[in-house]
Amino acid sequence: MKGLLIKDLLLLKNQKRIAVLMILVSLFLLFSQDNNGFIISYCTFIAAMLTLNTISYDEFHHGNQFLFTLPFLRKSYAREKYLLCIGSSLVIWCISTAVCAAVTVFRTASAFRLTDFLLSNGFSLILLMLFLSVLLPLLLKFGNEKARVFLVLFMGIGLGFCVAAESILSQAGAAAEDPLFEILRFLQVHTGAAAALVLALMIVCCFLSYLISAKIIEKKEF
């Protein structure tokens, strides 16, 4: 797996212009507007997209036909992709969060609370992890072109789910005795428990996604 990771890091090195452009855009947004959530989400999403492109590079000119003749386990390929995509996203999220937090402290030191800042901006990381847990198996199964179609369908389903959830939450909020409203109020008060629950669900989703991807890559023919 070490050799696969080095290969992908060398591929990412060729995209340094995009990385520099991302940094410049992020710095411009950071000092031109006060929207830390968007900046952190933007940096993390771009980092994830760059690492996902390594799957497309492996497919270029039937590269996988040669790659999988090398002496490594197929599930190591899936494990390396998850390590690269999730690891790089976490690193970029931590760096961008630290920079935005430092700038926020410099601007309004008295109004800054680290816990609230992390909780509010951690939502983008959770969404990205869920996004990766769905997209990675699709990319490994169908390739880059077909996976885009499934991605559009997934985004449409996600949008419909958000609209339905908003309707349900509004109805629950109208009736204080509604069980769903009670659960939401409990999670709002106990933010630590809510964050731990969401983090556990995110880890489970990523692990299940890896198991699916490992099965896909082991059975796939090139």
# chains A, B, ... in the order shown; residues from 1 in each chain; ligands from 1

call {"tool": "closest_atom_pairs", "arguments": {"of": "segment 48-114 of chain A", "to": "segment 122-139 of chain A", "cutoff": "10 Å", "atoms": "only C-alpha atoms", "output": "Markdown table"}}
result
| residue | atom | partner | partner_atom | distance |
| --- | --- | --- | --- | --- |
| A:Ala48 | CA | A:Leu132 | CA | 8.1 |
| A:Met49 | CA | A:Leu132 | CA | 9.6 |
| A:Leu52 | CA | A:Leu136 | CA | 7.9 |
| A:Asn53 | CA | A:Leu139 | CA | 10.0 |
| A:Ile55 | CA | A:Leu139 | CA | 7.5 |
| A:Ser56 | CA | A:Leu139 | CA | 8.5 |
| A:Ala78 | CA | A:Leu136 | CA | 8.9 |
| A:Lys81 | CA | A:Leu136 | CA | 8.3 |
| A:Tyr82 | CA | A:Leu136 | CA | 8.0 |
| A:Cys85 | CA | A:Leu132 | CA | 7.9 |
| A:Ile86 | CA | A:Met129 | CA | 7.2 |
| A:Ser89 | CA | A:Leu125 | CA | 8.1 |
| A:Leu90 | CA | A:Leu125 | CA | 7.8 |
| A:Trp93 | CA | A:Leu125 | CA | 7.2 |
| A:Cys94 | CA | A:Leu125 | CA | 9.8 |
| A:Thr97 | CA | A:Gly122 | CA | 9.1 |

call {"tool": "residues_around", "arguments": {"residues": "Ser96 of chain A", "least_positions_apart": "5", "cutoff": "8 Å", "atoms": "only C-alpha atoms", "output": "number ranges by chain"}}
result
A: 39-40, 43

call {"tool": "write_last_selection", "arguments": {"atoms": "all heavy atoms", "output": "mmCIF file, in the first residue's frame"}}
result
data_model
loop_
_atom_site.group_PDB
_atom_site.id
_atom_site.type_symbol
_atom_site.label_atom_id
_atom_site.label_comp_id
_atom_site.auth_asym_id
_atom_site.auth_seq_id
_atom_site.Cartn_x
_atom_site.Cartn_y
_atom_site.Cartn_z
ATOM 1 N N ILE A 39 -15.495 29.043 3.617
ATOM 2 C CA ILE A 39 -14.072 28.906 3.303
ATOM 3 C C ILE A 39 -13.571 27.519 3.674
ATOM 4 O O ILE A 39 -12.865 26.850 2.896
ATOM 5 C CB ILE A 39 -13.259 29.991 4.035
ATOM 6 C CG1 ILE A 39 -13.685 31.379 3.551
ATOM 7 C CG2 ILE A 39 -11.765 29.787 3.824
ATOM 8 C CD1 ILE A 39 -13.117 32.511 4.376
ATOM 9 N N ILE A 40 -13.938 27.041 4.867
ATOM 10 C CA ILE A 40 -13.504 25.713 5.308
ATOM 11 C C ILE A 40 -14.102 24.632 4.413
ATOM 12 O O ILE A 40 -13.413 23.680 4.016
ATOM 13 C CB ILE A 40 -13.898 25.495 6.781
ATOM 14 C CG1 ILE A 40 -13.128 26.475 7.675
ATOM 15 C CG2 ILE A 40 -13.627 24.063 7.217
ATOM 16 C CD1 ILE A 40 -13.584 26.473 9.117
ATOM 17 N N CYS A 43 -12.262 24.673 0.895
ATOM 18 C CA CYS A 43 -10.921 24.070 0.913
ATOM 19 C C CYS A 43 -11.003 22.548 1.037
ATOM 20 O O CYS A 43 -10.296 21.811 0.338
ATOM 21 C CB CYS A 43 -10.101 24.643 2.061
ATOM 22 S SG CYS A 43 -9.709 26.393 1.904
#

call {"tool": "select_by_dssp", "arguments": {"residues": "segment 14-43 of chain A", "states": "helix (DSSP H, G or I)", "output": "PDB file with all heavy atoms, in the first residue's frame"}}
result
ATOM      1  N   LYS A  16      -0.223  20.920  -8.457  1.00  0.00           N
ATOM      2  CA  LYS A  16       0.147  21.976  -7.525  1.00  0.00           C
ATOM      3  C   LYS A  16      -0.392  23.344  -7.953  1.00  0.00           C
ATOM      4  O   LYS A  16      -0.628  24.215  -7.110  1.00  0.00           O
ATOM      5  CB  LYS A  16       1.661  22.033  -7.355  1.00  0.00           C
ATOM      6  CG  LYS A  16       2.432  22.206  -8.651  1.00  0.00           C
ATOM      7  CD  LYS A  16       3.938  22.102  -8.408  1.00  0.00           C
ATOM      8  CE  LYS A  16       4.711  22.206  -9.721  1.00  0.00           C
ATOM      9  NZ  LYS A  16       6.180  22.063  -9.488  1.00  0.00           N
ATOM     10  N   ARG A  17      -0.606  23.547  -9.250  1.00  0.00           N
ATOM     11  CA  ARG A  17      -1.169  24.826  -9.696  1.00  0.00           C
ATOM     12  C   ARG A  17      -2.583  25.001  -9.160  1.00  0.00           C
ATOM     13  O   ARG A  17      -2.961  26.097  -8.754  1.00  0.00           O
ATOM     14  CB  ARG A  17      -1.163  24.900 -11.226  1.00  0.00           C
ATOM     15  CG  ARG A  17       0.234  24.961 -11.848  1.00  0.00           C
ATOM     16  CD  ARG A  17       0.148  25.089 -13.357  1.00  0.00           C
ATOM     17  NE  ARG A  17       1.469  25.176 -13.965  1.00  0.00           N
ATOM     18  CZ  ARG A  17       1.697  25.268 -15.276  1.00  0.00           C
ATOM     19  NH1 ARG A  17       0.640  25.278 -16.103  1.00  0.00           N
ATOM     20  NH2 ARG A  17       2.917  25.342 -15.740  1.00  0.00           N
ATOM     21  N   ILE A  18      -3.365  23.919  -9.197  1.00  0.00           N
ATOM     22  CA  ILE A  18      -4.724  23.995  -8.652  1.00  0.00           C
ATOM     23  C   ILE A  18      -4.674  24.239  -7.150  1.00  0.00           C
ATOM     24  O   ILE A  18      -5.486  25.005  -6.606  1.00  0.00           O
ATOM     25  CB  ILE A  18      -5.488  22.690  -8.965  1.00  0.00           C
ATOM     26  CG1 ILE A  18      -5.566  22.482 -10.472  1.00  0.00           C
ATOM     27  CG2 ILE A  18      -6.892  22.732  -8.351  1.00  0.00           C
ATOM     28  CD1 ILE A  18      -6.260  21.202 -10.880  1.00  0.00           C
ATOM     29  N   ALA A  19      -3.717  23.608  -6.464  1.00  0.00           N
ATOM     30  CA  ALA A  19      -3.586  23.807  -5.020  1.00  0.00           C
ATOM     31  C   ALA A  19      -3.222  25.252  -4.690  1.00  0.00           C
ATOM     32  O   ALA A  19      -3.767  25.842  -3.753  1.00  0.00           O
ATOM     33  CB  ALA A  19      -2.528  22.850  -4.463  1.00  0.00           C
ATOM     34  N   VAL A  20      -2.304  25.825  -5.471  1.00  0.00           N
ATOM     35  CA  VAL A  20      -1.926  27.231  -5.255  1.00  0.00           C
ATOM     36  C   VAL A  20      -3.114  28.145  -5.502  1.00  0.00           C
ATOM     37  O   VAL A  20      -3.353  29.101  -4.758  1.00  0.00           O
ATOM     38  CB  VAL A  20      -0.737  27.596  -6.162  1.00  0.00           C
ATOM     39  CG1 VAL A  20      -0.467  29.098  -6.112  1.00  0.00           C
ATOM     40  CG2 VAL A  20       0.507  26.829  -5.748  1.00  0.00           C
ATOM     41  N   LEU A  21      -3.870  27.871  -6.565  1.00  0.00           N
ATOM     42  CA  LEU A  21      -5.057  28.680  -6.865  1.00  0.00           C
ATOM     43  C   LEU A  21      -6.080  28.569  -5.734  1.00  0.00           C
ATOM     44  O   LEU A  21      -6.700  29.568  -5.348  1.00  0.00           O
ATOM     45  CB  LEU A  21      -5.679  28.219  -8.185  1.00  0.00           C
ATOM     46  CG  LEU A  21      -6.934  28.964  -8.640  1.00  0.00           C
ATOM     47  CD1 LEU A  21      -6.627  30.444  -8.863  1.00  0.00           C
ATOM     48  CD2 LEU A  21      -7.500  28.336  -9.915  1.00  0.00           C
ATOM     49  N   MET A  22      -6.253  27.369  -5.182  1.00  0.00           N
ATOM     50  CA  MET A  22      -7.179  27.181  -4.063  1.00  0.00           C
ATOM     51  C   MET A  22      -6.746  28.012  -2.859  1.00  0.00           C
ATOM     52  O   MET A  22      -7.574  28.644  -2.193  1.00  0.00           O
ATOM     53  CB  MET A  22      -7.237  25.702  -3.677  1.00  0.00           C
ATOM     54  CG  MET A  22      -8.160  25.395  -2.506  1.00  0.00           C
ATOM     55  SD  MET A  22      -7.952  23.714  -1.856  1.00  0.00           S
ATOM     56  CE  MET A  22      -6.369  23.879  -1.007  1.00  0.00           C
ATOM     57  N   ILE A  23      -5.454  28.037  -2.590  1.00  0.00           N
ATOM     58  CA  ILE A  23      -4.941  28.805  -1.453  1.00  0.00           C
ATOM     59  C   ILE A  23      -5.178  30.298  -1.669  1.00  0.00           C
ATOM     60  O   ILE A  23      -5.607  31.013  -0.752  1.00  0.00           O
ATOM     61  CB  ILE A  23      -3.443  28.514  -1.249  1.00  0.00           C
ATOM     62  CG1 ILE A  23      -3.249  27.051  -0.814  1.00  0.00           C
ATOM     63  CG2 ILE A  23      -2.850  29.453  -0.203  1.00  0.00           C
ATOM     64  CD1 ILE A  23      -1.798  26.635  -0.743  1.00  0.00           C
ATOM     65  N   LEU A  24      -4.924  30.779  -2.891  1.00  0.00           N
ATOM     66  CA  LEU A  24      -5.110  32.200  -3.176  1.00  0.00           C
ATOM     67  C   LEU A  24      -6.574  32.608  -3.057  1.00  0.00           C
ATOM     68  O   LEU A  24      -6.893  33.657  -2.472  1.00  0.00           O
ATOM     69  CB  LEU A  24      -4.584  32.523  -4.575  1.00  0.00           C
ATOM     70  CG  LEU A  24      -3.063  32.393  -4.778  1.00  0.00           C
ATOM     71  CD1 LEU A  24      -2.695  32.651  -6.227  1.00  0.00           C
ATOM     72  CD2 LEU A  24      -2.316  33.351  -3.851  1.00  0.00           C
ATOM     73  N   VAL A  25      -7.472  31.780  -3.595  1.00  0.00           N
ATOM     74  CA  VAL A  25      -8.906  32.074  -3.496  1.00  0.00           C
ATOM     75  C   VAL A  25      -9.352  32.049  -2.039  1.00  0.00           C
ATOM     76  O   VAL A  25     -10.134  32.909  -1.599  1.00  0.00           O
ATOM     77  CB  VAL A  25      -9.718  31.059  -4.330  1.00  0.00           C
ATOM     78  CG1 VAL A  25     -11.206  31.230  -4.073  1.00  0.00           C
ATOM     79  CG2 VAL A  25      -9.418  31.229  -5.813  1.00  0.00           C
ATOM     80  N   SER A  26      -8.845  31.097  -1.278  1.00  0.00           N
ATOM     81  CA  SER A  26      -9.219  30.994   0.130  1.00  0.00           C
ATOM     82  C   SER A  26      -8.749  32.209   0.920  1.00  0.00           C
ATOM     83  O   SER A  26      -9.479  32.738   1.772  1.00  0.00           O
ATOM     84  CB  SER A  26      -8.627  29.717   0.738  1.00  0.00           C
ATOM     85  OG  SER A  26      -9.077  28.573   0.049  1.00  0.00           O
ATOM     86  N   LEU A  27      -7.533  32.656   0.656  1.00  0.00           N
ATOM     87  CA  LEU A  27      -7.023  33.842   1.345  1.00  0.00           C
ATOM     88  C   LEU A  27      -7.827  35.081   0.985  1.00  0.00           C
ATOM     89  O   LEU A  27      -8.102  35.930   1.843  1.00  0.00           O
ATOM     90  CB  LEU A  27      -5.542  34.047   1.009  1.00  0.00           C
ATOM     91  CG  LEU A  27      -4.570  33.009   1.578  1.00  0.00           C
ATOM     92  CD1 LEU A  27      -3.157  33.266   1.062  1.00  0.00           C
ATOM     93  CD2 LEU A  27      -4.584  33.044   3.106  1.00  0.00           C
ATOM     94  N   PHE A  28      -8.198  35.189  -0.281  1.00  0.00           N
ATOM     95  CA  PHE A  28      -9.019  36.327  -0.707  1.00  0.00           C
ATOM     96  C   PHE A  28     -10.360  36.322   0.018  1.00  0.00           C
ATOM     97  O   PHE A  28     -10.818  37.360   0.514  1.00  0.00           O
ATOM     98  CB  PHE A  28      -9.224  36.284  -2.221  1.00  0.00           C
ATOM     99  CG  PHE A  28     -10.201  37.302  -2.725  1.00  0.00           C
ATOM    100  CD1 PHE A  28      -9.834  38.632  -2.851  1.00  0.00           C
ATOM    101  CD2 PHE A  28     -11.504  36.926  -3.070  1.00  0.00           C
ATOM    102  CE1 PHE A  28     -10.743  39.582  -3.318  1.00  0.00           C
ATOM    103  CE2 PHE A  28     -12.408  37.864  -3.533  1.00  0.00           C
ATOM    104  CZ  PHE A  28     -12.030  39.194  -3.653  1.00  0.00           C
ATOM    105  N   LEU A  29     -11.004  35.156   0.067  1.00  0.00           N
ATOM    106  CA  LEU A  29     -12.293  35.056   0.757  1.00  0.00           C
ATOM    107  C   LEU A  29     -12.140  35.300   2.244  1.00  0.00           C
ATOM    108  O   LEU A  29     -13.025  35.886   2.880  1.00  0.00           O
ATOM    109  CB  LEU A  29     -12.906  33.669   0.509  1.00  0.00           C
ATOM    110  CG  LEU A  29     -13.309  33.338  -0.932  1.00  0.00           C
ATOM    111  CD1 LEU A  29     -13.754  31.895  -1.041  1.00  0.00           C
ATOM    112  CD2 LEU A  29     -14.414  34.269  -1.404  1.00  0.00           C
ATOM    113  N   LEU A  30     -11.028  34.852   2.806  1.00  0.00           N
ATOM    114  CA  LEU A  30     -10.820  34.977   4.248  1.00  0.00           C
ATOM    115  C   LEU A  30     -10.741  36.434   4.687  1.00  0.00           C
ATOM    116  O   LEU A  30     -11.281  36.811   5.733  1.00  0.00           O
ATOM    117  CB  LEU A  30      -9.541  34.230   4.648  1.00  0.00           C
ATOM    118  CG  LEU A  30      -9.194  34.206   6.138  1.00  0.00           C
ATOM    119  CD1 LEU A  30     -10.281  33.483   6.920  1.00  0.00           C
ATOM    120  CD2 LEU A  30      -7.844  33.530   6.345  1.00  0.00           C
ATOM    121  N   PHE A  31     -10.067  37.257   3.890  1.00  0.00           N
ATOM    122  CA  PHE A  31      -9.870  38.646   4.281  1.00  0.00           C
ATOM    123  C   PHE A  31     -10.896  39.604   3.648  1.00  0.00           C
ATOM    124  O   PHE A  31     -10.914  40.789   3.991  1.00  0.00           O
ATOM    125  CB  PHE A  31      -8.459  39.097   3.895  1.00  0.00           C
ATOM    126  CG  PHE A  31      -7.385  38.424   4.705  1.00  0.00           C
ATOM    127  CD1 PHE A  31      -6.656  37.376   4.176  1.00  0.00           C
ATOM    128  CD2 PHE A  31      -7.127  38.816   6.009  1.00  0.00           C
ATOM    129  CE1 PHE A  31      -5.665  36.752   4.916  1.00  0.00           C
ATOM    130  CE2 PHE A  31      -6.144  38.202   6.761  1.00  0.00           C
ATOM    131  CZ  PHE A  31      -5.411  37.157   6.214  1.00  0.00           C
ATOM    132  N   SER A  32     -11.729  39.088   2.731  1.00  0.00           N
ATOM    133  CA  SER A  32     -12.713  39.959   2.103  1.00  0.00           C
ATOM    134  C   SER A  32     -14.110  39.791   2.688  1.00  0.00           C
ATOM    135  O   SER A  32     -14.952  40.666   2.527  1.00  0.00           O
ATOM    136  CB  SER A  32     -12.767  39.702   0.593  1.00  0.00           C
ATOM    137  OG  SER A  32     -13.203  38.378   0.326  1.00  0.00           O
ATOM    138  N   ASN A  36     -16.554  31.962   7.592  1.00  0.00           N
ATOM    139  CA  ASN A  36     -15.592  30.891   7.817  1.00  0.00           C
ATOM    140  C   ASN A  36     -16.109  29.536   7.347  1.00  0.00           C
ATOM    141  O   ASN A  36     -15.343  28.709   6.856  1.00  0.00           O
ATOM    142  CB  ASN A  36     -15.249  30.815   9.315  1.00  0.00           C
ATOM    143  CG  ASN A  36     -14.508  32.038   9.792  1.00  0.00           C
ATOM    144  OD1 ASN A  36     -13.673  32.572   9.073  1.00  0.00           O
ATOM    145  ND2 ASN A  36     -14.811  32.507  10.987  1.00  0.00           N
ATOM    146  N   GLY A  37     -17.415  29.302   7.515  1.00  0.00           N
ATOM    147  CA  GLY A  37     -17.977  28.018   7.125  1.00  0.00           C
ATOM    148  C   GLY A  37     -17.791  27.727   5.650  1.00  0.00           C
ATOM    149  O   GLY A  37     -17.429  26.605   5.263  1.00  0.00           O
ATOM    150  N   PHE A  38     -18.023  28.736   4.806  1.00  0.00           N
ATOM    151  CA  PHE A  38     -17.866  28.545   3.368  1.00  0.00           C
ATOM    152  C   PHE A  38     -16.409  28.303   3.003  1.00  0.00           C
ATOM    153  O   PHE A  38     -16.100  27.445   2.163  1.00  0.00           O
ATOM    154  CB  PHE A  38     -18.392  29.762   2.610  1.00  0.00           C
ATOM    155  CG  PHE A  38     -18.143  29.708   1.129  1.00  0.00           C
ATOM    156  CD1 PHE A  38     -18.947  28.912   0.326  1.00  0.00           C
ATOM    157  CD2 PHE A  38     -17.109  30.424   0.553  1.00  0.00           C
ATOM    158  CE1 PHE A  38     -18.721  28.846  -1.052  1.00  0.00           C
ATOM    159  CE2 PHE A  38     -16.870  30.355  -0.815  1.00  0.00           C
ATOM    160  CZ  PHE A  38     -17.679  29.574  -1.614  1.00  0.00           C
ATOM    161  N   ILE A  39     -15.495  29.043   3.617  1.00  0.00           N
ATOM    162  CA  ILE A  39     -14.072  28.906   3.303  1.00  0.00           C
ATOM    163  C   ILE A  39     -13.571  27.519   3.674  1.00  0.00           C
ATOM    164  O   ILE A  39     -12.865  26.850   2.896  1.00  0.00           O
ATOM    165  CB  ILE A  39     -13.259  29.991   4.035  1.00  0.00           C
ATOM    166  CG1 ILE A  39     -13.685  31.379   3.551  1.00  0.00           C
ATOM    167  CG2 ILE A  39     -11.765  29.787   3.824  1.00  0.00           C
ATOM    168  CD1 ILE A  39     -13.117  32.511   4.376  1.00  0.00           C
ATOM    169  N   ILE A  40     -13.938  27.041   4.867  1.00  0.00           N
ATOM    170  CA  ILE A  40     -13.504  25.713   5.308  1.00  0.00           C
ATOM    171  C   ILE A  40     -14.102  24.632   4.413  1.00  0.00           C
ATOM    172  O   ILE A  40     -13.413  23.680   4.016  1.00  0.00           O
ATOM    173  CB  ILE A  40     -13.898  25.495   6.781  1.00  0.00           C
ATOM    174  CG1 ILE A  40     -13.128  26.475   7.675  1.00  0.00           C
ATOM    175  CG2 ILE A  40     -13.627  24.063   7.217  1.00  0.00           C
ATOM    176  CD1 ILE A  40     -13.584  26.473   9.117  1.00  0.00           C
ATOM    177  N   SER A  41     -15.377  24.774   4.074  1.00  0.00           N
ATOM    178  CA  SER A  41     -16.028  23.796   3.198  1.00  0.00           C
ATOM    179  C   SER A  41     -15.387  23.802   1.813  1.00  0.00           C
ATOM    180  O   SER A  41     -15.177  22.733   1.210  1.00  0.00           O
ATOM    181  CB  SER A  41     -17.519  24.111   3.075  1.00  0.00           C
ATOM    182  OG  SER A  41     -18.144  24.082   4.333  1.00  0.00           O
ATOM    183  N   TYR A  42     -15.082  24.977   1.309  1.00  0.00           N
ATOM    184  CA  TYR A  42     -14.477  25.106  -0.014  1.00  0.00           C
ATOM    185  C   TYR A  42     -13.118  24.403  -0.069  1.00  0.00           C
ATOM    186  O   TYR A  42     -12.853  23.598  -0.976  1.00  0.00           O
ATOM    187  CB  TYR A  42     -14.332  26.587  -0.365  1.00  0.00           C
ATOM    188  CG  TYR A  42     -13.475  26.863  -1.579  1.00  0.00           C
ATOM    189  CD1 TYR A  42     -13.979  26.679  -2.863  1.00  0.00           C
ATOM    190  CD2 TYR A  42     -12.159  27.312  -1.439  1.00  0.00           C
ATOM    191  CE1 TYR A  42     -13.190  26.921  -3.982  1.00  0.00           C
ATOM    192  CE2 TYR A  42     -11.375  27.558  -2.543  1.00  0.00           C
ATOM    193  CZ  TYR A  42     -11.886  27.368  -3.808  1.00  0.00           C
ATOM    194  OH  TYR A  42     -11.096  27.612  -4.910  1.00  0.00           O
ATOM    195  N   CYS A  43     -12.262  24.673   0.895  1.00  0.00           N
ATOM    196  CA  CYS A  43     -10.921  24.070   0.913  1.00  0.00           C
ATOM    197  C   CYS A  43     -11.003  22.548   1.037  1.00  0.00           C
ATOM    198  O   CYS A  43     -10.296  21.811   0.338  1.00  0.00           O
ATOM    199  CB  CYS A  43     -10.101  24.643   2.061  1.00  0.00           C
ATOM    200  SG  CYS A  43      -9.709  26.393   1.904  1.00  0.00           S
TER     201      CYS A  43
END

call {"tool": "residues_around", "arguments": {"residues": "Leu5 of chain A", "least_positions_apart": "4", "cutoff": "8 Å", "atoms": "only C-alpha atoms", "output": "PyMOL selection string"}}
result
chain A and resi 1+9+80+84

call {"tool": "residues_around", "arguments": {"residues": "segment 68-73 of chain A", "least_positions_apart": "5", "cutoff": "12 Å", "atoms": "only C-alpha atoms", "output": "ChimeraX atom specification"}}
result
/A:1-4,58-59,62-63,78-80,214-215,217-218,220-222

call {"tool": "write_last_selection", "arguments": {"atoms": "all heavy atoms", "output": "compact mmCIF listing (two decimals), in the first residue's frame"}}
result
# COMPACT_ATOMS: atom_id res chain seq x y z
N MET A 1 0.83 -1.21 0.00
CA MET A 1 0.00 0.00 0.00
C MET A 1 0.86 1.26 0.00
O MET A 1 0.44 2.30 -0.49
CB MET A 1 -0.92 0.00 1.22
CG MET A 1 -1.98 1.08 1.19
SD MET A 1 -3.12 1.03 2.58
CE MET A 1 -2.05 1.57 3.91
N LYS A 2 2.05 1.15 0.55
CA LYS A 2 2.95 2.30 0.58
C LYS A 2 3.29 2.77 -0.83
O LYS A 2 3.32 3.98 -1.11
CB LYS A 2 4.22 1.94 1.36
CG LYS A 2 5.22 3.08 1.46
CD LYS A 2 6.45 2.65 2.24
CE LYS A 2 7.47 3.78 2.30
NZ LYS A 2 8.69 3.36 3.06
N GLY A 3 3.54 1.81 -1.73
CA GLY A 3 3.86 2.18 -3.10
C GLY A 3 2.69 2.86 -3.79
O GLY A 3 2.88 3.82 -4.55
N LEU A 4 1.47 2.39 -3.53
CA LEU A 4 0.28 3.03 -4.10
C LEU A 4 0.11 4.45 -3.59
O LEU A 4 -0.25 5.36 -4.35
CB LEU A 4 -0.96 2.20 -3.77
CG LEU A 4 -1.05 0.80 -4.39
CD1 LEU A 4 -2.24 0.04 -3.81
CD2 LEU A 4 -1.17 0.89 -5.91
N ASP A 58 -5.78 6.59 -12.77
CA ASP A 58 -5.45 5.16 -12.84
C ASP A 58 -6.15 4.50 -14.03
O ASP A 58 -5.63 3.53 -14.60
CB ASP A 58 -5.86 4.46 -11.54
CG ASP A 58 -4.99 4.88 -10.37
OD1 ASP A 58 -3.89 5.40 -10.60
OD2 ASP A 58 -5.42 4.68 -9.21
N GLU A 59 -7.34 5.00 -14.38
CA GLU A 59 -8.09 4.42 -15.50
C GLU A 59 -7.60 4.93 -16.86
O GLU A 59 -7.92 4.33 -17.89
CB GLU A 59 -9.58 4.75 -15.35
CG GLU A 59 -10.23 4.15 -14.11
CD GLU A 59 -11.66 4.60 -13.94
OE1 GLU A 59 -12.07 5.55 -14.66
OE2 GLU A 59 -12.37 4.05 -13.10
N HIS A 62 -6.18 2.77 -19.96
CA HIS A 62 -6.25 1.40 -19.43
C HIS A 62 -5.11 1.13 -18.43
O HIS A 62 -4.55 0.03 -18.40
CB HIS A 62 -6.20 0.38 -20.56
CG HIS A 62 -7.23 0.61 -21.62
ND1 HIS A 62 -8.57 0.34 -21.43
CD2 HIS A 62 -7.12 1.12 -22.88
CE1 HIS A 62 -9.25 0.65 -22.53
NE2 HIS A 62 -8.40 1.13 -23.42
N GLY A 63 -4.83 2.12 -17.61
CA GLY A 63 -3.74 1.97 -16.65
C GLY A 63 -3.98 0.90 -15.61
O GLY A 63 -3.03 0.28 -15.10
N ALA A 78 -8.20 -0.32 -2.44
CA ALA A 78 -9.34 0.38 -1.85
C ALA A 78 -8.95 1.05 -0.55
O ALA A 78 -9.34 2.20 -0.29
CB ALA A 78 -10.49 -0.61 -1.63
N ARG A 79 -8.18 0.35 0.28
CA ARG A 79 -7.76 0.93 1.56
C ARG A 79 -6.92 2.19 1.34
O ARG A 79 -7.07 3.18 2.06
CB ARG A 79 -6.96 -0.10 2.35
CG ARG A 79 -6.66 0.32 3.79
CD ARG A 79 -5.82 -0.71 4.50
NE ARG A 79 -6.41 -2.03 4.46
CZ ARG A 79 -5.80 -3.10 3.96
NH1 ARG A 79 -4.58 -2.99 3.45
NH2 ARG A 79 -6.41 -4.27 3.97
N GLU A 80 -6.05 2.16 0.33
CA GLU A 80 -5.19 3.32 0.05
C GLU A 80 -6.01 4.51 -0.42
O GLU A 80 -5.73 5.66 -0.05
CB GLU A 80 -4.14 2.93 -0.99
CG GLU A 80 -3.13 4.02 -1.29
CD GLU A 80 -3.55 4.93 -2.43
OE1 GLU A 80 -4.38 4.49 -3.25
OE2 GLU A 80 -3.06 6.07 -2.50
N ALA A 214 -13.99 -2.60 -1.07
CA ALA A 214 -13.04 -3.72 -1.12
C ALA A 214 -13.64 -4.90 -1.87
O ALA A 214 -12.95 -5.56 -2.68
CB ALA A 214 -12.65 -4.13 0.30
N LYS A 215 -14.92 -5.19 -1.65
CA LYS A 215 -15.57 -6.27 -2.38
C LYS A 215 -15.67 -5.97 -3.89
O LYS A 215 -15.48 -6.84 -4.73
CB LYS A 215 -16.97 -6.51 -1.81
CG LYS A 215 -17.00 -7.12 -0.42
CD LYS A 215 -16.46 -8.55 -0.47
CE LYS A 215 -16.55 -9.17 0.92
NZ LYS A 215 -16.01 -10.59 0.91
N ILE A 217 -13.68 -4.00 -5.72
CA ILE A 217 -12.38 -4.03 -6.40
C ILE A 217 -11.83 -5.45 -6.50
O ILE A 217 -11.08 -5.79 -7.42
CB ILE A 217 -11.38 -3.08 -5.70
CG1 ILE A 217 -10.31 -2.62 -6.70
CG2 ILE A 217 -10.76 -3.73 -4.49
CD1 ILE A 217 -10.83 -1.72 -7.77
N GLU A 218 -12.21 -6.32 -5.55
CA GLU A 218 -11.74 -7.71 -5.60
C GLU A 218 -12.43 -8.50 -6.72
O GLU A 218 -11.84 -9.42 -7.29
CB GLU A 218 -11.99 -8.40 -4.24
CG GLU A 218 -11.00 -7.97 -3.16
CD GLU A 218 -11.27 -8.64 -1.84
OE1 GLU A 218 -12.37 -9.19 -1.68
OE2 GLU A 218 -10.40 -8.61 -0.97
N LYS A 220 -13.82 -7.02 -9.50
CA LYS A 220 -13.83 -6.29 -10.77
C LYS A 220 -12.81 -6.87 -11.74
O LYS A 220 -11.70 -7.25 -11.36
CB LYS A 220 -13.53 -4.81 -10.51
CG LYS A 220 -13.76 -3.91 -11.72
CD LYS A 220 -13.64 -2.45 -11.33
CE LYS A 220 -13.96 -1.56 -12.52
NZ LYS A 220 -13.87 -0.12 -12.16
N GLU A 221 -13.18 -6.93 -13.01
CA GLU A 221 -12.30 -7.41 -14.06
C GLU A 221 -11.82 -6.24 -14.92
O GLU A 221 -12.61 -5.37 -15.25
CB GLU A 221 -13.01 -8.45 -14.94
CG GLU A 221 -13.40 -9.71 -14.20
CD GLU A 221 -14.07 -10.71 -15.11
OE1 GLU A 221 -14.21 -10.41 -16.31
OE2 GLU A 221 -14.46 -11.79 -14.62
N PHE A 222 -10.55 -6.27 -15.26
CA PHE A 222 -9.97 -5.18 -16.05
C PHE A 222 -9.49 -5.71 -17.40
O PHE A 222 -9.09 -6.85 -17.53
CB PHE A 222 -8.78 -4.55 -15.31
CG PHE A 222 -9.17 -3.92 -14.00
CD1 PHE A 222 -8.99 -4.62 -12.82
CD2 PHE A 222 -9.74 -2.65 -13.96
CE1 PHE A 222 -9.36 -4.04 -11.60
CE2 PHE A 222 -10.10 -2.08 -12.76
CZ PHE A 222 -9.90 -2.79 -11.58

call {"tool": "closest_residue", "arguments": {"among": "A:Leu208, A:Ile216, A:Ala47, A:Ile6", "to": "Gly143 of chain A", "atoms": "only C-alpha atoms"}}
result
A:Ile216

call {"tool": "atom_distance", "arguments": {"atom1": "atom CA of Asp8 of chain A", "atom2": "atom CA of Ile92 of chain A"}}
result
16.8 Å

call {"tool": "atom_distance", "arguments": {"atom1": "atom CA of Ala102 of chain A", "atom2": "atom CA of Ile203 of chain A"}}
result
28.2 Å

call {"tool": "atom_distance", "arguments": {"atom1": "atom CA of Ala101 of chain A", "atom2": "atom CA of Leu114 of chain A"}}
result
7.8 Å

call {"tool": "closest_residue", "arguments": {"among": "A:Thr54, A:Ser76, A:Asn121, A:Asn64", "to": "Leu10 of chain A", "atoms": "only C-alpha atoms"}}
result
A:Thr54
